[in-house]
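Q: Quick one: the structure is below, and I'll ask about it shortly.
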Amino acid sequence: MTMMGTSRKLTWLTVTLYWGCILYGLALPGIVTIVHDASRRQGAWAEAWQDYHLHLFAPGYNLFLVAALNAIPFVLLAVFILFHLGTAVAKEPVIVSRRLAGVAGAVAAAVGLSTWAHLATTLHPDAQGALVYFFLPLYLLGLIPLGYGCGRLIGTIARR
């Protein structure tokens with residue numbers, strides 16, 4: 001493969017991961033809410049969508065705030081991906097593969113924890129369940145570097 005082809009693929013991957021992280025962080029709470037509502041109503045997707053729109057800014061629900069809080073760590077991860085992989089084109093292929101493995105670990109950790117937290121909070125609601133939405137960004141900001149380190153370590157070991 002030529003250097004130009006590799007450069008284009010890495011640029012495409014960087015931009016895709018950048019926008020994918022941002023959109024995932026914003027959309028996950030809405031997707032979980034709509035799917036849960038529709039499954040509770042035996043497939044009434046239109047009613048679930050309407051309820052989501054009604055609860056977007058409603059007091060006591062405020063799903064927009066939940067989405068904004070969830071998006072904060074994903075936006076920071078997206079900016080990290082943009083700068084970290086965006087400058088990787090000029091590096092050796094070994095360094096690029098290690099960086100990709102680290103970013104994959106960080107994305108997997110963030111997506112996994114965020115999805116699990118939103119599903120658990122939606123499926124098993126209780127009085128203090130909303131506190132998860134305030135602490136989740138802090139947990140994600142701590143877990144993303146750990147996921148990056150684990151991914152980078154796995155990439156280093158796999159490359160040997």
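Residue numbering restarts at 1 for every chain of the structure tokens, chains are lettered A, B, ... in their displayed order, and ligands are numbered from 1 as they appear.
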Fewer than 3 positions away in the same chain doesn't count, so skip those; otherwise give me all residues within 7 Å of region 103-110 of chain A, counting only C-alpha atoms, as a ChimeraX atom specification.

A: /A:81,99-100,113-114,140,143-145,147-148,150-151

Q: Using all heavy atoms, can you write the selected residues to a file as a short mmCIF file (atom, residue, chain, number, x, y, z; two decimals), in the first residue's frame?

A:
```cif
data_model
loop_
_atom_site.label_atom_id
_atom_site.label_comp_id
_atom_site.auth_asym_id
_atom_site.auth_seq_id
_atom_site.Cartn_x
_atom_site.Cartn_y
_atom_site.Cartn_z
N ILE A 81 -8.66 12.54 19.95
CA ILE A 81 -8.48 11.71 18.75
C ILE A 81 -8.03 12.56 17.58
O ILE A 81 -7.13 12.19 16.81
CB ILE A 81 -9.79 10.96 18.42
CG1 ILE A 81 -10.03 9.86 19.44
CG2 ILE A 81 -9.76 10.38 17.02
CD1 ILE A 81 -11.39 9.21 19.33
N ARG A 99 -0.95 3.90 18.40
CA ARG A 99 -1.90 4.98 18.68
C ARG A 99 -3.33 4.54 18.36
O ARG A 99 -4.27 4.84 19.10
CB ARG A 99 -1.55 6.23 17.88
CG ARG A 99 -0.38 6.98 18.43
CD ARG A 99 -0.17 8.28 17.69
NE ARG A 99 0.95 9.02 18.27
CZ ARG A 99 1.27 10.25 17.91
NH1 ARG A 99 0.57 10.88 16.98
NH2 ARG A 99 2.29 10.86 18.48
N LEU A 100 -3.50 3.83 17.25
CA LEU A 100 -4.83 3.33 16.89
C LEU A 100 -5.35 2.35 17.94
O LEU A 100 -6.53 2.39 18.31
CB LEU A 100 -4.79 2.66 15.52
CG LEU A 100 -4.79 3.59 14.32
CD1 LEU A 100 -4.54 2.81 13.04
CD2 LEU A 100 -6.09 4.35 14.23
N LEU A 113 -18.88 1.92 29.22
CA LEU A 113 -19.37 2.44 30.50
C LEU A 113 -20.60 3.31 30.32
O LEU A 113 -21.57 3.20 31.07
CB LEU A 113 -18.28 3.23 31.22
CG LEU A 113 -18.71 3.85 32.55
CD1 LEU A 113 -19.07 2.77 33.56
CD2 LEU A 113 -17.63 4.76 33.10
N SER A 114 -20.59 4.16 29.31
CA SER A 114 -21.72 5.06 29.11
C SER A 114 -22.98 4.28 28.73
O SER A 114 -24.07 4.55 29.26
CB SER A 114 -21.38 6.08 28.02
OG SER A 114 -22.40 7.02 27.91
N LEU A 140 -16.16 8.71 33.35
CA LEU A 140 -15.66 8.57 31.98
C LEU A 140 -14.32 9.28 31.79
O LEU A 140 -13.44 8.76 31.12
CB LEU A 140 -16.69 9.10 30.98
CG LEU A 140 -17.90 8.22 30.73
CD1 LEU A 140 -18.90 8.94 29.86
CD2 LEU A 140 -17.49 6.92 30.09
N LEU A 143 -11.84 6.98 33.18
CA LEU A 143 -11.71 5.69 32.52
C LEU A 143 -11.12 5.80 31.12
O LEU A 143 -10.47 4.85 30.65
CB LEU A 143 -13.08 5.01 32.46
CG LEU A 143 -13.09 3.56 32.01
CD1 LEU A 143 -12.37 2.70 33.04
CD2 LEU A 143 -14.51 3.07 31.82
N ILE A 144 -11.34 6.91 30.43
CA ILE A 144 -10.83 7.06 29.07
C ILE A 144 -9.29 6.94 29.02
O ILE A 144 -8.77 6.19 28.20
CB ILE A 144 -11.34 8.36 28.43
CG1 ILE A 144 -12.83 8.22 28.10
CG2 ILE A 144 -10.55 8.72 27.18
CD1 ILE A 144 -13.50 9.50 27.65
N PRO A 145 -8.53 7.63 29.89
CA PRO A 145 -7.07 7.43 29.85
C PRO A 145 -6.66 6.01 30.21
O PRO A 145 -5.70 5.47 29.66
CB PRO A 145 -6.54 8.43 30.88
CG PRO A 145 -7.60 9.43 31.04
CD PRO A 145 -8.89 8.72 30.78
N GLY A 147 -8.44 3.28 29.58
CA GLY A 147 -8.72 2.50 28.37
C GLY A 147 -7.68 2.74 27.29
O GLY A 147 -7.28 1.81 26.58
N TYR A 148 -7.22 3.99 27.17
CA TYR A 148 -6.17 4.29 26.20
C TYR A 148 -4.89 3.56 26.56
O TYR A 148 -4.24 2.96 25.69
CB TYR A 148 -5.90 5.80 26.13
CG TYR A 148 -4.78 6.13 25.18
CD1 TYR A 148 -5.02 6.23 23.82
CD2 TYR A 148 -3.48 6.32 25.63
CE1 TYR A 148 -4.00 6.50 22.94
CE2 TYR A 148 -2.45 6.59 24.76
CZ TYR A 148 -2.71 6.68 23.41
OH TYR A 148 -1.69 6.94 22.53
N CYS A 150 -4.53 0.80 28.34
CA CYS A 150 -4.70 -0.64 28.11
C CYS A 150 -4.65 -0.97 26.62
O CYS A 150 -4.02 -1.95 26.21
CB CYS A 150 -6.02 -1.12 28.70
SG CYS A 150 -6.05 -1.13 30.49
N GLY A 151 -5.30 -0.16 25.80
CA GLY A 151 -5.27 -0.37 24.35
C GLY A 151 -3.87 -0.21 23.79
O GLY A 151 -3.44 -0.99 22.93
#
```

Q: Name the residues in contact with region 134-137 of chain A at a cut-off of 12 Å, using only C-alpha atoms, excluding same-chain residues fewer than 3 positions from it; report them as a ChimeraX atom specification.

A: /A:25,65-77,110-118,121,128-131,140-144

Q: Fewer than 2 positions away in the same chain doesn't count, so skip those; otherwise give me all residues within 9 Å of His36 (chain A), counting only C-alpha atoms, as a ChimeraX atom specification.

A: /A:31-34,38-41,48,119,122-123

Q: Please save all heavy atoms of the selected residues as a PDB file, in the first residue's frame.

A:
```pdb
ATOM      1  N   ILE A  31     -31.488   7.675  22.400  1.00  0.00           N
ATOM      2  CA  ILE A  31     -31.720   6.362  21.806  1.00  0.00           C
ATOM      3  C   ILE A  31     -32.188   5.372  22.869  1.00  0.00           C
ATOM      4  O   ILE A  31     -33.151   4.627  22.663  1.00  0.00           O
ATOM      5  CB  ILE A  31     -30.445   5.862  21.093  1.00  0.00           C
ATOM      6  CG1 ILE A  31     -30.182   6.706  19.849  1.00  0.00           C
ATOM      7  CG2 ILE A  31     -30.562   4.393  20.728  1.00  0.00           C
ATOM      8  CD1 ILE A  31     -28.839   6.458  19.217  1.00  0.00           C
ATOM      9  N   VAL A  32     -31.522   5.361  24.006  1.00  0.00           N
ATOM     10  CA  VAL A  32     -31.902   4.441  25.081  1.00  0.00           C
ATOM     11  C   VAL A  32     -33.317   4.754  25.564  1.00  0.00           C
ATOM     12  O   VAL A  32     -34.124   3.841  25.777  1.00  0.00           O
ATOM     13  CB  VAL A  32     -30.889   4.514  26.244  1.00  0.00           C
ATOM     14  CG1 VAL A  32     -31.399   3.792  27.472  1.00  0.00           C
ATOM     15  CG2 VAL A  32     -29.553   3.935  25.811  1.00  0.00           C
ATOM     16  N   THR A  33     -33.633   6.025  25.717  1.00  0.00           N
ATOM     17  CA  THR A  33     -34.965   6.414  26.188  1.00  0.00           C
ATOM     18  C   THR A  33     -36.055   6.011  25.198  1.00  0.00           C
ATOM     19  O   THR A  33     -37.090   5.458  25.584  1.00  0.00           O
ATOM     20  CB  THR A  33     -35.016   7.932  26.440  1.00  0.00           C
ATOM     21  OG1 THR A  33     -34.009   8.272  27.386  1.00  0.00           O
ATOM     22  CG2 THR A  33     -36.365   8.371  26.949  1.00  0.00           C
ATOM     23  N   ILE A  34     -35.828   6.292  23.928  1.00  0.00           N
ATOM     24  CA  ILE A  34     -36.835   5.987  22.907  1.00  0.00           C
ATOM     25  C   ILE A  34     -37.030   4.477  22.759  1.00  0.00           C
ATOM     26  O   ILE A  34     -38.164   3.992  22.704  1.00  0.00           O
ATOM     27  CB  ILE A  34     -36.455   6.636  21.560  1.00  0.00           C
ATOM     28  CG1 ILE A  34     -36.577   8.157  21.665  1.00  0.00           C
ATOM     29  CG2 ILE A  34     -37.320   6.101  20.424  1.00  0.00           C
ATOM     30  CD1 ILE A  34     -35.994   8.905  20.496  1.00  0.00           C
ATOM     31  N   ALA A  38     -40.485   2.559  23.610  1.00  0.00           N
ATOM     32  CA  ALA A  38     -41.181   1.814  22.560  1.00  0.00           C
ATOM     33  C   ALA A  38     -41.338   0.346  22.942  1.00  0.00           C
ATOM     34  O   ALA A  38     -42.386  -0.253  22.676  1.00  0.00           O
ATOM     35  CB  ALA A  38     -40.426   1.937  21.245  1.00  0.00           C
ATOM     36  N   SER A  39     -40.340  -0.225  23.583  1.00  0.00           N
ATOM     37  CA  SER A  39     -40.464  -1.634  23.974  1.00  0.00           C
ATOM     38  C   SER A  39     -41.467  -1.811  25.113  1.00  0.00           C
ATOM     39  O   SER A  39     -42.140  -2.833  25.197  1.00  0.00           O
ATOM     40  CB  SER A  39     -39.102  -2.198  24.375  1.00  0.00           C
ATOM     41  OG  SER A  39     -38.649  -1.602  25.555  1.00  0.00           O
ATOM     42  N   ARG A  40     -41.570  -0.813  25.958  1.00  0.00           N
ATOM     43  CA  ARG A  40     -42.555  -0.860  27.038  1.00  0.00           C
ATOM     44  C   ARG A  40     -43.975  -0.769  26.504  1.00  0.00           C
ATOM     45  O   ARG A  40     -44.910  -1.294  27.092  1.00  0.00           O
ATOM     46  CB  ARG A  40     -42.295   0.305  27.991  1.00  0.00           C
ATOM     47  CG  ARG A  40     -42.519  -0.006  29.425  1.00  0.00           C
ATOM     48  CD  ARG A  40     -42.191   1.147  30.282  1.00  0.00           C
ATOM     49  NE  ARG A  40     -42.564   2.400  29.616  1.00  0.00           N
ATOM     50  CZ  ARG A  40     -42.466   3.590  30.162  1.00  0.00           C
ATOM     51  NH1 ARG A  40     -42.020   3.701  31.384  1.00  0.00           N
ATOM     52  NH2 ARG A  40     -42.806   4.674  29.508  1.00  0.00           N
ATOM     53  N   ARG A  41     -44.131  -0.103  25.370  1.00  0.00           N
ATOM     54  CA  ARG A  41     -45.455   0.082  24.763  1.00  0.00           C
ATOM     55  C   ARG A  41     -45.698  -0.892  23.607  1.00  0.00           C
ATOM     56  O   ARG A  41     -46.519  -0.620  22.737  1.00  0.00           O
ATOM     57  CB  ARG A  41     -45.589   1.511  24.247  1.00  0.00           C
ATOM     58  CG  ARG A  41     -45.540   2.522  25.345  1.00  0.00           C
ATOM     59  CD  ARG A  41     -45.606   3.901  24.784  1.00  0.00           C
ATOM     60  NE  ARG A  41     -45.548   4.855  25.884  1.00  0.00           N
ATOM     61  CZ  ARG A  41     -45.496   6.143  25.720  1.00  0.00           C
ATOM     62  NH1 ARG A  41     -45.496   6.656  24.511  1.00  0.00           N
ATOM     63  NH2 ARG A  41     -45.440   6.941  26.748  1.00  0.00           N
ATOM     64  N   ALA A  48     -43.360   6.913  21.529  1.00  0.00           N
ATOM     65  CA  ALA A  48     -42.085   7.016  22.244  1.00  0.00           C
ATOM     66  C   ALA A  48     -41.308   8.246  21.775  1.00  0.00           C
ATOM     67  O   ALA A  48     -40.716   8.971  22.583  1.00  0.00           O
ATOM     68  CB  ALA A  48     -41.261   5.753  22.036  1.00  0.00           C
ATOM     69  N   LEU A 119     -28.285   2.292  30.204  1.00  0.00           N
ATOM     70  CA  LEU A 119     -29.210   1.160  30.196  1.00  0.00           C
ATOM     71  C   LEU A 119     -29.630   0.785  31.612  1.00  0.00           C
ATOM     72  O   LEU A 119     -30.812   0.551  31.876  1.00  0.00           O
ATOM     73  CB  LEU A 119     -28.572  -0.047  29.504  1.00  0.00           C
ATOM     74  CG  LEU A 119     -28.520   0.000  27.983  1.00  0.00           C
ATOM     75  CD1 LEU A 119     -27.719  -1.173  27.449  1.00  0.00           C
ATOM     76  CD2 LEU A 119     -29.909   0.018  27.391  1.00  0.00           C
ATOM     77  N   THR A 122     -32.007   3.426  33.039  1.00  0.00           N
ATOM     78  CA  THR A 122     -33.317   3.422  32.391  1.00  0.00           C
ATOM     79  C   THR A 122     -34.114   2.168  32.740  1.00  0.00           C
ATOM     80  O   THR A 122     -35.318   2.239  32.969  1.00  0.00           O
ATOM     81  CB  THR A 122     -33.159   3.535  30.867  1.00  0.00           C
ATOM     82  OG1 THR A 122     -32.399   4.709  30.576  1.00  0.00           O
ATOM     83  CG2 THR A 122     -34.493   3.639  30.173  1.00  0.00           C
ATOM     84  N   LEU A 123     -33.449   1.033  32.786  1.00  0.00           N
ATOM     85  CA  LEU A 123     -34.157  -0.225  33.049  1.00  0.00           C
ATOM     86  C   LEU A 123     -34.516  -0.411  34.516  1.00  0.00           C
ATOM     87  O   LEU A 123     -35.490  -1.084  34.836  1.00  0.00           O
ATOM     88  CB  LEU A 123     -33.314  -1.408  32.568  1.00  0.00           C
ATOM     89  CG  LEU A 123     -33.123  -1.507  31.062  1.00  0.00           C
ATOM     90  CD1 LEU A 123     -32.176  -2.649  30.722  1.00  0.00           C
ATOM     91  CD2 LEU A 123     -34.450  -1.681  30.351  1.00  0.00           C
TER      92      LEU A 123
END
```

Q: How far is it from CA of Arg160 (chain A) to CA of Leu17 (chain A), in Å with one decimal?

A: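 CA of Arg160 (chain A) sits 26.2 Å away from CA of Leu17 (chain A).
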
Q: Could you work out how far CA of Ser7 (chain A) lies from CA of Thr87 (chain A), giving the answer in Å with one decimal?

A: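 Between these atoms lies a distance of 10.6 Å.
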
Q: Using CA of His55 (chain A) and CA of Cys21 (chain A) as the two end points, give the distance in Å to one decimal.

A: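 Here the two named atoms are 24.0 Å from each other.
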
Q: Any idea what's packed within 12 Å of Trp12 (chain A), counting only C-alpha atoms, ignoring anything in its chain fewer than 5 positions away? Could you give it as a list in words?

A: Gly5, Thr6, Ser7, Leu17, Tyr18, Trp19, Gly20, Leu82, Leu85, Gly86 and Val89 of chain A

Q: Write a file of the selected residues as a JSON list (two decimals), in the first residue's frame, keeping N, CA and C atoms.

A:
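The result, written out as result.json:
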```
[["chain", "number", "residue", "atom", "x", "y", "z"],
["A", 5, "GLY", "N", -2.18, 6.31, 0.17],
["A", 5, "GLY", "CA", -3.39, 5.56, 0.50],
["A", 5, "GLY", "C", -3.55, 5.38, 2.01],
["A", 6, "THR", "N", -2.46, 5.12, 2.70],
["A", 6, "THR", "CA", -2.49, 4.98, 4.15],
["A", 6, "THR", "C", -2.85, 6.31, 4.81],
["A", 7, "SER", "N", -2.30, 7.38, 4.29],
["A", 7, "SER", "CA", -2.57, 8.71, 4.83],
["A", 7, "SER", "C", -4.06, 9.06, 4.68],
["A", 17, "LEU", "N", -14.01, 8.97, 13.48],
["A", 17, "LEU", "CA", -14.01, 8.79, 14.93],
["A", 17, "LEU", "C", -14.34, 10.09, 15.65],
["A", 18, "TYR", "N", -13.85, 11.21, 15.14],
["A", 18, "TYR", "CA", -14.12, 12.51, 15.75],
["A", 18, "TYR", "C", -15.63, 12.78, 15.80],
["A", 19, "TRP", "N", -16.26, 12.73, 14.64],
["A", 19, "TRP", "CA", -17.69, 13.04, 14.60],
["A", 19, "TRP", "C", -18.53, 11.92, 15.22],
["A", 20, "GLY", "N", -18.08, 10.68, 15.11],
["A", 20, "GLY", "CA", -18.79, 9.57, 15.71],
["A", 20, "GLY", "C", -18.85, 9.67, 17.23],
["A", 82, "LEU", "N", -8.63, 13.73, 17.43],
["A", 82, "LEU", "CA", -8.28, 14.61, 16.31],
["A", 82, "LEU", "C", -6.82, 15.01, 16.36],
["A", 85, "LEU", "N", -4.41, 11.35, 16.46],
["A", 85, "LEU", "CA", -4.32, 10.62, 15.20],
["A", 85, "LEU", "C", -4.06, 11.54, 14.02],
["A", 86, "GLY", "N", -4.43, 12.80, 14.16],
["A", 86, "GLY", "CA", -4.21, 13.75, 13.06],
["A", 86, "GLY", "C", -2.74, 14.00, 12.80],
["A", 89, "VAL", "N", 0.19, 10.76, 10.90],
["A", 89, "VAL", "CA", 0.55, 10.45, 9.52],
["A", 89, "VAL", "C", 2.05, 10.57, 9.31]]
```
